[in-house]
Each structure stands twice: as C-alpha cells, then as structure tokens.
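Undergrad: Sharing coords11.txt below, compact mmCIF, C-alpha atoms and all ligand atoms:
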```txt
# COMPACT_ATOMS: atom_id res chain seq x y z
CA MET A 1 73.75 99.04 79.98
CA ASP A 2 76.09 96.08 80.29
CA ALA A 3 79.34 97.93 80.89
CA LYS A 4 81.79 96.48 83.38
CA ILE A 5 83.17 99.17 85.68
CA GLY A 6 86.14 98.88 88.01
CA VAL A 7 85.76 100.64 91.36
CA LEU A 8 88.92 101.34 93.32
CA ALA A 9 88.34 99.59 96.64
CA VAL A 10 91.43 100.17 98.76
CA GLN A 11 89.87 102.80 101.06
CA GLY A 12 86.88 105.12 101.31
CA ALA A 13 83.32 105.27 99.99
CA PHE A 14 83.46 102.69 97.21
CA ILE A 15 80.45 100.57 98.20
CA GLU A 16 78.01 103.41 97.52
CA HIS A 17 79.39 103.81 93.98
CA ILE A 18 79.02 100.08 93.37
CA GLN A 19 75.40 100.21 94.56
CA ALA A 20 74.64 103.25 92.39
CA LEU A 21 76.16 101.77 89.23
CA THR A 22 74.69 98.31 89.81
CA ALA A 23 71.22 99.84 90.20
CA LEU A 24 71.72 101.43 86.77
CA GLY A 25 72.50 98.04 85.27
CA ALA A 26 76.30 98.12 85.19
CA GLU A 27 78.43 95.29 86.44
CA CYS A 28 81.07 96.37 88.97
CA VAL A 29 84.34 94.80 90.02
CA GLU A 30 86.46 95.94 92.95
CA LEU A 31 90.01 97.00 92.19
CA ARG A 32 92.15 95.89 95.13
CA GLN A 33 95.45 94.76 93.65
CA ALA A 34 97.60 95.28 90.58
CA ALA A 35 96.27 92.13 88.87
CA ASP A 36 92.73 93.58 88.97
CA LEU A 37 93.82 96.30 86.54
CA GLN A 38 94.41 93.77 83.76
CA GLN A 39 90.69 93.19 83.23
CA GLU A 40 88.87 94.57 80.23
CA LEU A 41 86.85 97.37 81.81
CA ALA A 42 84.83 100.23 80.34
CA GLY A 43 85.71 102.73 83.06
CA TRP A 44 87.00 103.23 86.58
CA VAL A 45 85.72 104.99 89.69
CA LEU A 46 88.09 106.68 92.15
CA PRO A 47 85.95 107.13 95.28
CA GLY A 48 86.08 109.64 98.10
CA GLY A 49 87.99 108.92 101.26
CA GLU A 50 91.39 110.13 102.31
CA SER A 51 93.66 110.95 99.39
CA THR A 52 96.95 110.68 101.30
CA VAL A 53 96.05 107.19 102.51
CA GLN A 54 94.77 106.16 99.08
CA GLY A 55 97.90 107.49 97.36
CA LYS A 56 100.12 105.54 99.74
CA LEU A 57 98.10 102.32 99.40
CA LEU A 58 98.12 102.58 95.60
CA ARG A 59 101.91 102.79 95.63
CA ASP A 60 102.33 100.06 98.26
CA LEU A 61 99.97 97.73 96.38
CA GLY A 62 101.76 98.30 93.08
CA MET A 63 98.65 99.79 91.46
CA TYR A 64 99.89 103.32 90.93
CA ASP A 65 101.71 102.93 87.59
CA GLY A 66 99.01 100.80 85.98
CA LEU A 67 96.22 103.15 86.98
CA ARG A 68 98.12 106.25 85.96
CA ALA A 69 99.10 104.93 82.53
CA LYS A 70 95.56 103.92 81.57
CA ILE A 71 93.99 107.13 82.87
CA ALA A 72 96.53 109.16 80.89
CA ALA A 73 95.71 107.04 77.83
CA GLY A 74 92.00 107.91 78.04
CA MET A 75 90.32 105.37 80.33
CA PRO A 76 87.02 106.98 81.46
CA VAL A 77 87.25 107.87 85.16
CA LEU A 78 84.71 109.15 87.65
CA ALA A 79 86.70 110.71 90.50
CA THR A 80 84.90 112.00 93.57
CA CYS A 81 86.44 114.13 96.31
CA ALA A 82 89.66 112.31 97.32
CA GLY A 83 89.59 110.84 93.80
CA MET A 84 89.66 114.35 92.37
CA ILE A 85 92.70 115.10 94.55
CA LEU A 86 94.42 112.01 93.10
CA LEU A 87 93.88 113.30 89.54
CA ALA A 88 95.02 116.88 90.17
CA GLU A 89 98.20 118.06 88.55
CA LYS A 90 98.74 120.47 91.41
CA LEU A 91 97.57 120.79 95.03
CA SER A 92 97.71 124.34 96.39
CA ASN A 93 98.13 123.21 100.00
CA ASP A 94 100.02 119.93 99.66
CA ASP A 95 103.38 119.14 98.04
CA LYS A 96 102.51 115.54 97.33
CA VAL A 97 100.60 114.96 94.10
CA HIS A 98 99.45 111.57 92.84
CA PHE A 99 98.38 110.74 89.27
CA ALA A 100 98.61 114.37 88.15
CA THR A 101 96.78 113.49 84.92
CA MET A 102 94.33 116.42 85.00
CA PRO A 103 95.46 120.04 84.60
CA ILE A 104 93.65 121.43 87.62
CA THR A 105 94.87 123.05 90.83
CA VAL A 106 92.95 121.68 93.80
CA ARG A 107 92.78 122.87 97.40
CA ARG A 108 92.28 120.06 99.91
CA ASN A 109 89.85 120.47 102.82
CA ALA A 110 89.05 123.78 101.19
CA TYR A 111 85.96 124.61 103.20
CA GLY A 112 87.73 124.59 106.55
CA ARG A 113 86.49 123.06 109.80
CA GLN A 114 83.31 125.12 110.27
CA LEU A 115 81.83 124.19 106.93
CA GLY A 116 83.42 120.77 106.75
CA SER A 117 80.29 119.10 105.47
CA PHE A 118 77.20 120.51 103.78
CA ARG A 119 74.58 119.72 101.19
CA THR A 120 73.25 121.97 98.47
CA HIS A 121 71.83 121.95 94.95
CA ALA A 122 73.49 123.49 91.92
CA ASP A 123 73.58 123.30 88.13
CA PHE A 124 75.75 120.62 86.63
CA GLY A 125 76.49 121.09 82.93
CA ALA A 126 73.69 119.77 80.77
CA LEU A 127 72.25 117.70 83.62
CA GLY A 128 70.40 120.59 85.23
CA THR A 129 70.19 121.10 88.99
CA ILE A 130 71.42 118.17 91.08
CA PRO A 131 72.00 117.56 94.79
CA MET A 132 75.58 117.91 96.02
CA THR A 133 76.89 116.60 99.33
CA PHE A 134 80.30 117.87 100.42
CA ILE A 135 82.39 116.14 103.10
CA ARG A 136 85.68 117.79 104.06
CA ALA A 137 85.71 118.61 100.40
CA PRO A 138 88.31 120.06 98.09
CA TYR A 139 87.50 122.54 95.34
CA ILE A 140 89.23 123.45 92.11
CA GLU A 141 91.09 126.75 92.25
CA LYS A 142 92.35 126.81 88.70
CA VAL A 143 91.76 124.88 85.49
CA GLY A 144 94.20 124.47 82.63
CA GLU A 145 93.60 124.34 78.92
CA GLY A 146 91.05 121.84 77.71
CA VAL A 147 89.30 121.52 81.06
CA GLN A 148 85.55 122.07 80.98
CA VAL A 149 84.01 123.52 84.14
CA LEU A 150 80.72 121.69 84.84
CA ALA A 151 79.58 123.08 88.19
CA GLN A 152 80.25 125.92 90.60
CA VAL A 153 78.99 126.55 94.11
CA ASP A 154 79.43 130.03 95.59
CA GLY A 155 81.88 130.90 92.84
CA LYS A 156 84.08 127.84 93.49
CA ILE A 157 84.54 125.16 90.85
CA VAL A 158 83.26 121.84 92.18
CA ALA A 159 83.09 119.73 89.00
CA ALA A 160 85.14 119.61 85.83
CA GLN A 161 85.91 117.32 82.95
CA TYR A 162 89.09 116.86 80.98
CA GLY A 163 88.68 114.36 78.17
CA ASN A 164 87.49 111.18 79.88
CA GLN A 165 88.40 112.36 83.38
CA LEU A 166 85.34 113.56 85.31
CA ALA A 167 86.26 115.10 88.68
CA LEU A 168 83.79 116.09 91.38
CA ALA A 169 84.37 117.72 94.77
CA PHE A 170 81.10 116.27 96.08
CA HIS A 171 79.58 112.80 96.55
CA PRO A 172 76.85 111.89 94.02
CA GLU A 173 76.93 108.31 95.34
CA LEU A 174 75.34 109.55 98.59
CA ASP A 175 72.47 111.30 96.82
CA THR A 176 71.20 108.60 94.48
CA PHE A 177 67.85 108.53 96.33
CA GLU A 178 67.27 111.92 94.74
CA SER A 179 69.29 111.82 91.52
CA THR A 180 71.34 109.29 89.61
CA ALA A 181 72.19 111.78 86.86
CA VAL A 182 75.95 111.86 87.47
CA HIS A 183 76.36 108.08 87.40
CA GLU A 184 74.19 107.90 84.27
CA TYR A 185 76.36 110.56 82.66
CA PHE A 186 79.51 108.61 83.57
CA LEU A 187 78.11 105.35 82.14
CA LYS A 188 77.32 107.23 78.95
CA MET A 189 80.94 108.44 78.83
CA CYS A 190 82.08 104.81 79.17
CA GLU A 191 79.75 103.69 76.37
CA ASP A 192 80.82 106.49 74.03
CA LYS A 193 84.53 105.91 74.51
N1 LIG B 1 89.56 115.51 102.87
C1 LIG B 1 89.84 114.36 102.06
C2 LIG B 1 91.25 114.41 101.45
O1 LIG B 1 91.87 115.42 101.52
C3 LIG B 1 88.83 114.20 100.96
C4 LIG B 1 87.46 114.06 101.55
C5 LIG B 1 86.53 113.13 100.84
O2 LIG B 1 86.92 112.35 99.96
N2 LIG B 1 85.30 113.14 101.26
O3 LIG B 1 91.70 113.45 100.93
```
Can the structure from this file be put into structure tokens for me?
TA:
Amino acid sequence: MDAKIGVLAVQGAFIEHIQALTALGAECVELRQAADLQQELAGWVLPGGESTVQGKLLRDLGMYDGLRAKIAAGMPVLATCAGMILLAEKLSNDDKVHFATMPITVRRNAYGRQLGSFRTHADFGALGTIPMTFIRAPYIEKVGEGVQVLAQVDGKIVAAQYGNQLALAFHPELDTFESTAVHEYFLKMCEDK
C-alpha cells in the first residue's frame, strides 16, 4: 500500500496513528499548518486528544476551513475519540461544534469519571471482534440518515461510518499489538475512493 496519509498533528495521540499506518506500509505526513493541507493525500486522520483544544488550534492555525471543505467533499477520514467529536453535527452536552460534517449526536466524556477509561472487545462491522480502548471517551447518542452503525458496547454506539467519514469513540492506535484491522480498513477506504 503506497498511500500517503495526512495525520493531524496539532495536539493529542497522533504519533501512534503514524506508527500504525507506517507499519502497514503507508507513508504519513503531519498536518500542522494550513499549507500542509494543499498536498495530494489519500486520506486524513483526526486523532484523539482534547476536542476543545484541537478545535481552537485548528481555527487559530487557519486550518479549519480547508479541512472542513475537503471532508465535506468526501476526503476519507479516520476520526478517533476527540476526532469523532470534531466531526459531529451535534454535541448533546456542549454548544460548540466543529466541522459538523457527520450527522451524529455525540456526548462528550460520556462514561463519567468512574469509568473514564476501560478496555473491552466487541464486534466491529465486517471486521469481527476487535479490542477497544476507551479514554474519557464520547459515544454516539443518535445517528442521522445514511450513517452506518459499525460497533456498539453495552448498547451505546461507539463506531459509525458516513460515506468516507469513519468515526470511533475508542483508540485502535493503542491496540495495534493485538489488531491492526481498523487501520487496514481505513487504508482500504482510501484506496477505494
Ligand atoms: N474527552 C476528550 C474530549 O472531549 C476526548 C478524549 C479522547 O480523545 N481520548 O475532547
């Protein structure tokens, strides 16, 4: 696979995504400023971290409009955790939305303080059972038309896809020692575009 993938690198867990994709044979570039968005790339990763900070940095760095326009136009995106919050059209416990390109309603920090972080295994679409690590994770409360639910844990939606936007509440980049299925699936999405 010789796809070139852009990984948003303004804050959060981007290095783990770069390692995971590089190990699968993809070339990765870090997206740190508006000029980086001009490159010919097969897909983008929006990593976990802190969505409020990421949203502010994206605006301050002049990256917001460029990212939003290409995502809305069909650029393949793998969005994990905070990345999923950036894509959500609506946040049930926050007034501030970001790209709002995916018709999902997301609850931030949805598992509360007690269960802030946990690891489990669950079915993920056609990929079978995969490991899922949650860190102060959101979940999807509602999906709009055209959104495919890919995974649920305890009755809560934790993964969904809308066209080329793949949104996960958990962190597959932290579980690559056990499974690289999600990153392989994303690279396939980028190839098929
Ligand atoms: N709690 C973070 C937020 O609301 C997301 C957590 C994560 O990305 N691991 O932005």
Undergrad: Kindly give the distance, in Å, that separates atom C4 of ligand LIG 1 (chain B) and atom CA of A:Leu174, rounded to a single decimal.
TA: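 Result for atom C4 of ligand LIG 1 (chain B) versus atom CA of A:Leu174: 13.3 Å, one decimal.
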Undergrad: Ligand LIG 1 (chain B): which residues are within 6 Å, counting only C-alpha atoms and all ligand atoms, as an NGL selection string?
TA: :A and (48-52 or 81-82 or 108-109 or 135-137)
Undergrad: Around (99.7, 122.0, 99.5) in the file's own coordinates, what residues are found within 10 Å if you use only C-alpha atoms, given back as a list in words?
TA: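 Answer for this query, in the requested form: Lys90, Leu91, Ser92, Asn93, Asp94, Asp95, Lys96, Val97, Thr105, Val106, Arg107 and Arg108 of chain A.
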Undergrad: I'd like the contact shell of A:Asp154 - 12 Å cut-off, all atoms listed in the file, skipping same-chain residues fewer than 2 positions apart - returned as a list in words.
TA: Tyr111, Thr120, His121, Ala122, Asp123, Tyr139, Ala151, Gln152, Lys156, Ile157 and Val158 of chain A
Undergrad: Between atom CA of A:Arg32 and atom CA of A:Val10, what distance in Å does the model show, to one decimal?
TA: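 We find that atom CA of A:Arg32 and atom CA of A:Val10 lie 5.7 Å from each other.
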Undergrad: Smallest atom-to-atom distance to A:Asp192: which of A:Leu21, A:Glu141, A:Gln38, A:Pro76, using all atoms listed in the file?
TA: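 Under the stated criterion, the closest residue is A:Pro76.
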Undergrad: I want to know what sits within 12 Å of A:Cys190, based on only C-alpha atoms, with residues of the same chain fewer than 5 positions away left out; could you give that as a list in words?
TA: Met1, Asp2, Ala3, Lys4, Ile5, Gly6, Ala26, Leu41, Ala42, Gly43, Trp44, Val45, Gly74, Met75, Pro76, Val77, Leu78, Gly163, Asn164, Gln165, Leu166, His183, Glu184 and Tyr185 of chain A
Undergrad: Filtering to C-alpha atoms, could you give me those residues as a short mmCIF file (atom, residue, chain, number, x, y, z; two decimals), keeping the file's coordinate frame?
TA:
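Okay, this is what ended up in selection-v9.cif:
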```
data_model
loop_
_atom_site.label_atom_id
_atom_site.label_comp_id
_atom_site.auth_asym_id
_atom_site.auth_seq_id
_atom_site.Cartn_x
_atom_site.Cartn_y
_atom_site.Cartn_z
CA MET A 1 73.75 99.04 79.98
CA ASP A 2 76.09 96.08 80.29
CA ALA A 3 79.34 97.93 80.89
CA LYS A 4 81.79 96.48 83.38
CA ILE A 5 83.17 99.17 85.68
CA GLY A 6 86.14 98.88 88.01
CA ALA A 26 76.30 98.12 85.19
CA LEU A 41 86.85 97.37 81.81
CA ALA A 42 84.83 100.23 80.34
CA GLY A 43 85.71 102.73 83.06
CA TRP A 44 87.00 103.23 86.58
CA VAL A 45 85.72 104.99 89.69
CA GLY A 74 92.00 107.91 78.04
CA MET A 75 90.32 105.37 80.33
CA PRO A 76 87.02 106.98 81.46
CA VAL A 77 87.25 107.87 85.16
CA LEU A 78 84.71 109.15 87.65
CA GLY A 163 88.68 114.36 78.17
CA ASN A 164 87.49 111.18 79.88
CA GLN A 165 88.40 112.36 83.38
CA LEU A 166 85.34 113.56 85.31
CA HIS A 183 76.36 108.08 87.40
CA GLU A 184 74.19 107.90 84.27
CA TYR A 185 76.36 110.56 82.66
#
```
Undergrad: Counting only C-alpha atoms, which residue out of A:Ala100, A:Ala34, A:Leu86, A:Leu58 sits closest to A:Leu46?
TA: A:Leu86
Undergrad: Which is closest to A:Phe177 among A:Ile130, A:Met84, A:Ala159, A:Leu57, if we use all atoms listed in the file?
TA: A:Ile130
Undergrad: Pick from A:Val143, A:Leu187, A:Met63, A:Ile104: nearest to A:Cys28, with only C-alpha atoms counted?
TA: A:Leu187
Undergrad: Please list as a PyMOL selection string every residue within 12 Å of A:Ala35, counting only C-alpha atoms and excluding residues in the same chain fewer than 3 positions away.
TA: chain A and resi 30-32+38-40+61-64+66-67
Undergrad: Between A:Gly83, A:Gly125, A:Pro131, A:Pro138, which is the closest to A:Gly112 once you count only C-alpha atoms?
TA: A:Pro138
Undergrad: From the options A:Val7, A:Val29, A:Ala160, A:Ala110, which residue's atoms come nearest to A:Gly146, counting all atoms listed in the file?
TA: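 Ranking A:Val7, A:Val29, A:Ala160, A:Ala110 by distance to A:Gly146, first place goes to A:Ala160.
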Undergrad: Would you compute the distance between atom CA of A:Phe14 and atom CA of A:Ala79? Give it in Å to one decimal.
TA: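 Distance reported for this atom pair: 10.9 Å.
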Undergrad: Taking the partial coordinates given, rebuild stretch 5-22 of chain A to contain N, CA, C and O atoms; return it as a PDB file, in the frame of the given file.
TA:
```pdb
ATOM      1  N   ILE A   5      82.451  98.021  85.111  1.00  0.00           N
ATOM      2  CA  ILE A   5      83.170  99.170  85.680  1.00  0.00           C
ATOM      3  C   ILE A   5      84.033  98.702  86.847  1.00  0.00           C
ATOM      4  O   ILE A   5      83.574  97.947  87.701  1.00  0.00           O
ATOM      5  N   GLY A   6      85.253  99.179  86.902  1.00  0.00           N
ATOM      6  CA  GLY A   6      86.140  98.880  88.010  1.00  0.00           C
ATOM      7  C   GLY A   6      86.064  99.995  89.045  1.00  0.00           C
ATOM      8  O   GLY A   6      86.186 101.175  88.706  1.00  0.00           O
ATOM      9  N   VAL A   7      85.844  99.631  90.298  1.00  0.00           N
ATOM     10  CA  VAL A   7      85.760 100.640  91.360  1.00  0.00           C
ATOM     11  C   VAL A   7      86.930 100.426  92.311  1.00  0.00           C
ATOM     12  O   VAL A   7      87.068  99.342  92.910  1.00  0.00           O
ATOM     13  N   LEU A   8      87.767 101.444  92.426  1.00  0.00           N
ATOM     14  CA  LEU A   8      88.920 101.340  93.320  1.00  0.00           C
ATOM     15  C   LEU A   8      88.425 101.103  94.742  1.00  0.00           C
ATOM     16  O   LEU A   8      87.600 101.860  95.262  1.00  0.00           O
ATOM     17  N   ALA A   9      88.917 100.028  95.357  1.00  0.00           N
ATOM     18  CA  ALA A   9      88.340  99.590  96.640  1.00  0.00           C
ATOM     19  C   ALA A   9      89.434  99.378  97.680  1.00  0.00           C
ATOM     20  O   ALA A   9      89.421  98.390  98.412  1.00  0.00           O
ATOM     21  N   VAL A  10      90.388 100.314  97.743  1.00  0.00           N
ATOM     22  CA  VAL A  10      91.430 100.170  98.760  1.00  0.00           C
ATOM     23  C   VAL A  10      91.098 100.949 100.029  1.00  0.00           C
ATOM     24  O   VAL A  10      91.585 100.638 101.114  1.00  0.00           O
ATOM     25  N   GLN A  11      90.239 101.970  99.903  1.00  0.00           N
ATOM     26  CA  GLN A  11      89.870 102.800 101.060  1.00  0.00           C
ATOM     27  C   GLN A  11      88.724 103.714 100.631  1.00  0.00           C
ATOM     28  O   GLN A  11      88.610 104.059  99.458  1.00  0.00           O
ATOM     29  N   GLY A  12      87.880 104.091 101.576  1.00  0.00           N
ATOM     30  CA  GLY A  12      86.880 105.120 101.310  1.00  0.00           C
ATOM     31  C   GLY A  12      85.516 104.603 100.880  1.00  0.00           C
ATOM     32  O   GLY A  12      85.178 103.443 101.090  1.00  0.00           O
ATOM     33  N   ALA A  13      84.748 105.499 100.250  1.00  0.00           N
ATOM     34  CA  ALA A  13      83.320 105.270  99.990  1.00  0.00           C
ATOM     35  C   ALA A  13      83.085 104.581  98.655  1.00  0.00           C
ATOM     36  O   ALA A  13      82.440 105.127  97.770  1.00  0.00           O
ATOM     37  N   PHE A  14      83.617 103.368  98.508  1.00  0.00           N
ATOM     38  CA  PHE A  14      83.460 102.690  97.210  1.00  0.00           C
ATOM     39  C   PHE A  14      82.168 101.899  97.099  1.00  0.00           C
ATOM     40  O   PHE A  14      81.606 101.747  96.019  1.00  0.00           O
ATOM     41  N   ILE A  15      81.646 101.410  98.242  1.00  0.00           N
ATOM     42  CA  ILE A  15      80.450 100.570  98.200  1.00  0.00           C
ATOM     43  C   ILE A  15      79.251 101.331  97.631  1.00  0.00           C
ATOM     44  O   ILE A  15      78.475 100.805  96.830  1.00  0.00           O
ATOM     45  N   GLU A  16      79.133 102.603  98.007  1.00  0.00           N
ATOM     46  CA  GLU A  16      78.010 103.410  97.520  1.00  0.00           C
ATOM     47  C   GLU A  16      78.063 103.585  96.005  1.00  0.00           C
ATOM     48  O   GLU A  16      77.032 103.616  95.338  1.00  0.00           O
ATOM     49  N   HIS A  17      79.268 103.703  95.449  1.00  0.00           N
ATOM     50  CA  HIS A  17      79.390 103.810  93.980  1.00  0.00           C
ATOM     51  C   HIS A  17      78.959 102.496  93.322  1.00  0.00           C
ATOM     52  O   HIS A  17      78.293 102.495  92.287  1.00  0.00           O
ATOM     53  N   ILE A  18      79.376 101.389  93.927  1.00  0.00           N
ATOM     54  CA  ILE A  18      79.020 100.080  93.370  1.00  0.00           C
ATOM     55  C   ILE A  18      77.498  99.909  93.369  1.00  0.00           C
ATOM     56  O   ILE A  18      76.900  99.482  92.372  1.00  0.00           O
ATOM     57  N   GLN A  19      76.861 100.310  94.478  1.00  0.00           N
ATOM     58  CA  GLN A  19      75.400 100.210  94.560  1.00  0.00           C
ATOM     59  C   GLN A  19      74.734 101.094  93.503  1.00  0.00           C
ATOM     60  O   GLN A  19      73.790 100.675  92.831  1.00  0.00           O
ATOM     61  N   ALA A  20      75.245 102.315  93.354  1.00  0.00           N
ATOM     62  CA  ALA A  20      74.640 103.250  92.390  1.00  0.00           C
ATOM     63  C   ALA A  20      74.758 102.723  90.965  1.00  0.00           C
ATOM     64  O   ALA A  20      73.795 102.741  90.202  1.00  0.00           O
ATOM     65  N   LEU A  21      75.931 102.235  90.604  1.00  0.00           N
ATOM     66  CA  LEU A  21      76.160 101.770  89.230  1.00  0.00           C
ATOM     67  C   LEU A  21      75.424 100.459  88.963  1.00  0.00           C
ATOM     68  O   LEU A  21      74.896 100.249  87.864  1.00  0.00           O
ATOM     69  N   THR A  22      75.387  99.589  89.966  1.00  0.00           N
ATOM     70  CA  THR A  22      74.690  98.310  89.810  1.00  0.00           C
ATOM     71  C   THR A  22      73.197  98.559  89.597  1.00  0.00           C
ATOM     72  O   THR A  22      72.560  97.924  88.756  1.00  0.00           O
TER      73      THR A  22
END
```
